[in-house]
Amino acid sequence: MKVLVAGGAGYIGSHTVVELLAGGFDVVIVDNFINSEPFILDNIRKVSGKSLSFTELDVTDKNALFSFFEKEKDIAAIIHFAALKAVGESGHQPLRYYQNNLVSLFNLLECAEKFNVGNFLFSSSATVYGQAEVLPVTEQSPVIAPESPYGNTKKIAEEIIRDVTKATNLRGICLRYFNPCGAHSSALLGELPRGVPNNLVPYITQTAAGLRQKLSIYGNDYNTPDGTAIRDYIHVVDLAKAHVTALNRMAGGKQKEQFEIYNIGTGVGYSVLQVVKAFEEANNLKLNYEFAPRRKGDTETLYADTTLANNELGWKAELGLNDMMGSAWKWQEGLAKT
Ligand code: NAD
Ligand code: UDP
């Protein structure tokens, strides 16, 4: 079965491509490298031992995308990773975020319809829950109006996909990722932040590598056991495998609803301080950090109820915080050598 992975050179996309290839899927990637590097494609080939079809293309370019689909016959599924994802930046550049993340969605959905694709898998985010009143959050928990334009693109995209699946034969699944981190065990694939990282784990690894002076822990006055905010960190390889499982469900006609949503997390929340300690222990390192004021827009505690993914998808996270921290550091060390 041929799968188009839009944004397949990126962090989660590259790990997913490796798992898709291992699962016997025929993968075609499109990416414009707006937030990734071409060498990742070579590393996917090295890790998987398979050849790879790649086309450099901006998914918001409708003509280019349509020509691509005309050439590539028999695409049976689309996985849409091709989004801009920096929450803070989206607040300063809302139009750029709506344009990239939604026009890419429109174009891919139009192609799905025109070229009889059938299956559409979308990268959503736990950000749609905001600060939930009841924890852990299930897929039925209220979806709030996200604070950031980035978060809003996820909420809007889910609604658009839901409506399109209602009106057509397209099957859709949205995976709401919690906090992806870690890297491939080969250390050939991992997160490649441009400039100063926004996310916790790359900030930690860059601090340990001496690229940043110290980690600022945003807020130690939250109503949590150690005062720092709690999230559900999920290993990127577990997350990648969830895509393969979801694709098999969709393409295998096993969906109960034509449009489904799943939380993809571990179901366990860790505080920022616990993550820092886990990093220090996994890698036998000391991390330079300080407490800083809360970051605007951050929520206190968020972790997933993963019952639906466990029972319906038959997927469960297997790797723990130790693996996440160990692999993230191995990847960072490897980067320093290149
Ligand atoms: P990433 O930036 O590493 O990967 C996205 C890839 O898409 C990049 O290779 C980028 O070059 C490409 N891309 C972006 N716009 C494009 C366009 N118009 N045309 C072609 N290629 C384009 O990000 P990621 O962490 O791998 O995230 C993948 C998806 O998961 C995104 O939709 C993101 O919003 C979502 N997500 C990520 C996280 C996270 O913390 N990493 C959490 C929740 C959801
Ligand atoms: N965080 C932090 N320092 C950083 C980056 C993040 O203390 O340099 C905290 C952040 O406040 C949040 C958690 O780490 O509580 C996870 O943040 P991240 O940006 O990785 O993901 P989010 O859950 O905000 O999408």
# chains A, B, ... in the order shown; residues from 1 in each chain; ligands from 1
>>> residues_near_ligand(ligand="ligand 1", cutoff="9 Å", atoms="only C-alpha atoms and all ligand atoms", output="PyMOL selection string")
chain A and resi 6-15+30-37+56-61+80-86+99-101+103-104+122-127+150-151+153-154+175-181+190-193+199+236
>>> residues_near_ligand(ligand="ligand 2", cutoff="8 Å", atoms="only C-alpha atoms and all ligand atoms", output="number ranges by chain")
A: 87, 127, 178-179, 197-201, 203-204, 215-219, 228-231, 271-272, 292, 294-295, 298-302
>>> select_by_dssp(residues="stretch 215-298 of chain A", states="helix (DSSP H, G or I)", output="list in words")
Val236, Val237, Asp238, Leu239, Ala240, Lys241, Ala242, His243, Val244, Thr245, Ala246, Leu247, Asn248, Arg249, Met250, Ala251, Val272, Leu273, Gln274, Val275, Val276, Lys277, Ala278, Phe279, Glu280, Glu281, Ala282 and Asn283 of chain A
>>> atom_distance(atom1="atom CA of A:Gln258", atom2="atom CA of A:Arg171")
5.0 Å
>>> closest_residue(among="A:Ala304, A:Val117, A:Val3, A:Ala112", to="A:Pro136", atoms="only C-alpha atoms")
A:Ala304
>>> closest_residue(among="A:Thr138, A:Lys277, A:Arg249, A:Gln332", to="A:Asp305", atoms="only C-alpha atoms")
A:Thr138
>>> closest_residue(among="A:Cys111, A:Ala317, A:Met250, A:Leu4", to="A:Thr266", atoms="only C-alpha atoms")
A:Ala317
>>> residues_around(residues="A:Arg212", least_positions_apart="4", cutoff="12 Å", atoms="only C-alpha atoms", output="ChimeraX atom specification")
/A:195-197,202-208,216,287-289
>>> closest_residue(among="A:Ala209, A:Ile40, A:Val137, A:Leu335", to="A:Thr306", atoms="only C-alpha atoms")
A:Val137
>>> residues_around(residues="A:Ala22", least_positions_apart="4", cutoff="9 Å", atoms="only C-alpha atoms", output="list in words")
Val17, Val18 and Ser48 of chain A
>>> closest_residue(among="A:Tyr98, A:Phe69, A:Tyr303, A:Tyr233", to="A:Lys114", atoms="only C-alpha atoms")
A:Phe69
>>> residues_around(residues="A:Glu281", least_positions_apart="4", cutoff="10 Å", atoms="only C-alpha atoms", output="PyMOL selection string")
chain A and resi 275-277+285-286+322+325-326
>>> write_last_selection(atoms="C-alpha atoms", output="PDB file, in the first residue's frame")
ATOM      1  CA  VAL A 275      12.237  15.195  33.625  1.00  0.00           C
ATOM      2  CA  VAL A 276      15.431  17.052  34.533  1.00  0.00           C
ATOM      3  CA  LYS A 277      16.284  14.440  37.196  1.00  0.00           C
ATOM      4  CA  LEU A 285      25.205  14.219  33.947  1.00  0.00           C
ATOM      5  CA  LYS A 286      24.470  17.350  35.942  1.00  0.00           C
ATOM      6  CA  ASN A 322      14.665   6.773  30.888  1.00  0.00           C
ATOM      7  CA  MET A 325      16.182  10.955  27.991  1.00  0.00           C
ATOM      8  CA  GLY A 326      18.906   8.470  27.012  1.00  0.00           C
TER       9      GLY A 326
END
>>> residues_around(residues="A:Glu70", least_positions_apart="2", cutoff="12 Å", atoms="only C-alpha atoms", output="MDAnalysis selection string")
chainID A and resid 63:68 72:75 111:112 114:116
>>> write_last_selection(atoms="N, CA and C atoms", output="PDB file, in the first residue's frame")
ATOM      1  N   ASN A  63      -0.795  23.691  -7.345  1.00  0.00           N
ATOM      2  CA  ASN A  63      -0.470  23.152  -8.674  1.00  0.00           C
ATOM      3  C   ASN A  63       0.608  22.080  -8.583  1.00  0.00           C
ATOM      4  N   ALA A  64       1.639  22.382  -7.754  1.00  0.00           N
ATOM      5  CA  ALA A  64       2.733  21.419  -7.623  1.00  0.00           C
ATOM      6  C   ALA A  64       2.215  20.124  -6.996  1.00  0.00           C
ATOM      7  N   LEU A  65       1.343  20.264  -6.030  1.00  0.00           N
ATOM      8  CA  LEU A  65       0.826  19.067  -5.347  1.00  0.00           C
ATOM      9  C   LEU A  65      -0.054  18.240  -6.288  1.00  0.00           C
ATOM     10  N   PHE A  66      -0.889  18.923  -7.072  1.00  0.00           N
ATOM     11  CA  PHE A  66      -1.745  18.195  -8.013  1.00  0.00           C
ATOM     12  C   PHE A  66      -0.902  17.470  -9.069  1.00  0.00           C
ATOM     13  N   SER A  67       0.144  18.147  -9.571  1.00  0.00           N
ATOM     14  CA  SER A  67       1.017  17.477 -10.558  1.00  0.00           C
ATOM     15  C   SER A  67       1.676  16.256  -9.937  1.00  0.00           C
ATOM     16  N   PHE A  68       2.062  16.404  -8.680  1.00  0.00           N
ATOM     17  CA  PHE A  68       2.691  15.277  -7.991  1.00  0.00           C
ATOM     18  C   PHE A  68       1.717  14.086  -7.944  1.00  0.00           C
ATOM     19  N   GLU A  72       2.207  10.329  -9.324  1.00  0.00           N
ATOM     20  CA  GLU A  72       2.251   9.218  -8.369  1.00  0.00           C
ATOM     21  C   GLU A  72       0.893   8.531  -8.358  1.00  0.00           C
ATOM     22  N   LYS A  73       0.800   7.445  -9.024  1.00  0.00           N
ATOM     23  CA  LYS A  73      -0.498   6.754  -9.054  1.00  0.00           C
ATOM     24  C   LYS A  73      -0.680   5.955  -7.758  1.00  0.00           C
ATOM     25  N   ASP A  74      -1.915   5.681  -7.430  1.00  0.00           N
ATOM     26  CA  ASP A  74      -2.248   4.688  -6.383  1.00  0.00           C
ATOM     27  C   ASP A  74      -1.851   5.071  -4.967  1.00  0.00           C
ATOM     28  N   ILE A  75      -1.838   6.336  -4.632  1.00  0.00           N
ATOM     29  CA  ILE A  75      -1.610   6.671  -3.225  1.00  0.00           C
ATOM     30  C   ILE A  75      -2.891   6.293  -2.477  1.00  0.00           C
ATOM     31  N   CYS A 111      -6.803  16.724  -2.878  1.00  0.00           N
ATOM     32  CA  CYS A 111      -6.135  15.638  -3.629  1.00  0.00           C
ATOM     33  C   CYS A 111      -6.712  14.287  -3.210  1.00  0.00           C
ATOM     34  N   ALA A 112      -6.973  14.147  -1.924  1.00  0.00           N
ATOM     35  CA  ALA A 112      -7.532  12.871  -1.450  1.00  0.00           C
ATOM     36  C   ALA A 112      -8.829  12.586  -2.193  1.00  0.00           C
ATOM     37  N   LYS A 114      -9.917  14.027  -5.135  1.00  0.00           N
ATOM     38  CA  LYS A 114      -9.765  13.939  -6.600  1.00  0.00           C
ATOM     39  C   LYS A 114      -9.075  12.639  -7.031  1.00  0.00           C
ATOM     40  N   PHE A 115      -8.123  12.178  -6.200  1.00  0.00           N
ATOM     41  CA  PHE A 115      -7.332  11.016  -6.622  1.00  0.00           C
ATOM     42  C   PHE A 115      -7.713   9.754  -5.843  1.00  0.00           C
ATOM     43  N   ASN A 116      -8.884   9.755  -5.254  1.00  0.00           N
ATOM     44  CA  ASN A 116      -9.411   8.556  -4.562  1.00  0.00           C
ATOM     45  C   ASN A 116      -8.465   7.961  -3.539  1.00  0.00           C
TER      46      ASN A 116
END
>>> select_by_dssp(residues="stretch 67-211 of chain A", states="strand (DSSP E or B)", output="list of chain:residue names")
A:Ile75, A:Ala76, A:Ala77, A:Ile78, A:Ile79, A:His80, A:Asn119, A:Phe120, A:Leu121, A:Phe122, A:Ser123, A:Ser124, A:Ser125, A:Val137, A:Arg171, A:Gly172, A:Ile173, A:Cys174, A:Leu175, A:Arg176, A:Tyr177, A:Asn179, A:Pro180, A:Cys181
>>> write_last_selection(atoms="N, CA and C atoms", output="short mmCIF file (atom, residue, chain, number, x, y, z; two decimals), in the first residue's frame")
data_model
loop_
_atom_site.label_atom_id
_atom_site.label_comp_id
_atom_site.auth_asym_id
_atom_site.auth_seq_id
_atom_site.Cartn_x
_atom_site.Cartn_y
_atom_site.Cartn_z
N ILE A 75 -1.84 6.34 -4.63
CA ILE A 75 -1.61 6.67 -3.23
C ILE A 75 -2.89 6.29 -2.48
N ALA A 76 -2.74 5.44 -1.46
CA ALA A 76 -3.93 4.93 -0.76
C ALA A 76 -4.15 5.64 0.58
N ALA A 77 -3.12 6.33 1.04
CA ALA A 77 -3.27 7.02 2.33
C ALA A 77 -2.35 8.23 2.39
N ILE A 78 -2.80 9.25 3.13
CA ILE A 78 -1.96 10.44 3.34
C ILE A 78 -1.76 10.58 4.84
N ILE A 79 -0.51 10.83 5.24
CA ILE A 79 -0.25 11.24 6.62
C ILE A 79 0.23 12.69 6.54
N HIS A 80 -0.46 13.56 7.24
CA HIS A 80 -0.16 14.99 7.12
C HIS A 80 0.58 15.50 8.37
N ASN A 119 -7.78 7.35 2.72
CA ASN A 119 -7.42 7.34 4.15
C ASN A 119 -6.57 8.57 4.49
N PHE A 120 -6.92 9.22 5.58
CA PHE A 120 -6.23 10.48 5.94
C PHE A 120 -5.91 10.47 7.43
N LEU A 121 -4.61 10.57 7.71
CA LEU A 121 -4.17 10.54 9.11
C LEU A 121 -3.54 11.89 9.45
N PHE A 122 -4.01 12.48 10.53
CA PHE A 122 -3.60 13.86 10.83
C PHE A 122 -2.94 13.98 12.20
N SER A 123 -1.86 14.81 12.24
CA SER A 123 -1.15 15.11 13.48
C SER A 123 -1.87 16.20 14.24
N SER A 124 -2.64 15.83 15.24
CA SER A 124 -3.23 16.85 16.08
C SER A 124 -2.43 16.95 17.38
N SER A 125 -2.98 17.66 18.33
CA SER A 125 -2.18 17.94 19.51
C SER A 125 -3.05 18.03 20.76
N VAL A 137 -7.19 13.54 30.62
CA VAL A 137 -8.16 13.92 29.60
C VAL A 137 -8.48 12.73 28.70
N ARG A 171 -11.89 8.22 4.90
CA ARG A 171 -11.78 7.84 6.32
C ARG A 171 -10.71 8.71 6.96
N GLY A 172 -10.94 9.13 8.19
CA GLY A 172 -9.98 10.01 8.84
C GLY A 172 -9.68 9.60 10.27
N ILE A 173 -8.43 9.78 10.66
CA ILE A 173 -8.06 9.62 12.07
C ILE A 173 -7.17 10.80 12.46
N CYS A 174 -7.50 11.42 13.58
CA CYS A 174 -6.64 12.46 14.16
C CYS A 174 -5.99 11.88 15.40
N LEU A 175 -4.68 11.98 15.46
CA LEU A 175 -3.96 11.55 16.66
C LEU A 175 -3.58 12.80 17.43
N ARG A 176 -4.06 12.86 18.67
CA ARG A 176 -3.70 14.01 19.51
C ARG A 176 -2.45 13.64 20.31
N TYR A 177 -1.31 14.16 19.82
CA TYR A 177 -0.04 13.85 20.48
C TYR A 177 0.04 14.63 21.78
N ASN A 179 3.34 14.99 24.61
CA ASN A 179 4.63 15.69 24.43
C ASN A 179 5.69 14.76 23.84
N PRO A 180 5.83 14.75 22.51
CA PRO A 180 6.80 13.86 21.89
C PRO A 180 8.23 14.27 22.26
N CYS A 181 9.05 13.28 22.56
CA CYS A 181 10.48 13.57 22.80
C CYS A 181 11.28 12.30 22.58
#
>>> residues_around(residues="A:Ala187", least_positions_apart="2", cutoff="7 Å", atoms="only C-alpha atoms", output="list of chain:residue names")
A:Ala183, A:His184, A:Ser185, A:Leu189, A:Ser327, A:Lys330, A:Trp331, A:Gly334
>>> closest_residue(among="A:His243, A:Lys214, A:Lys46, A:Arg96", to="A:Phe291", atoms="only C-alpha atoms")
A:Lys214
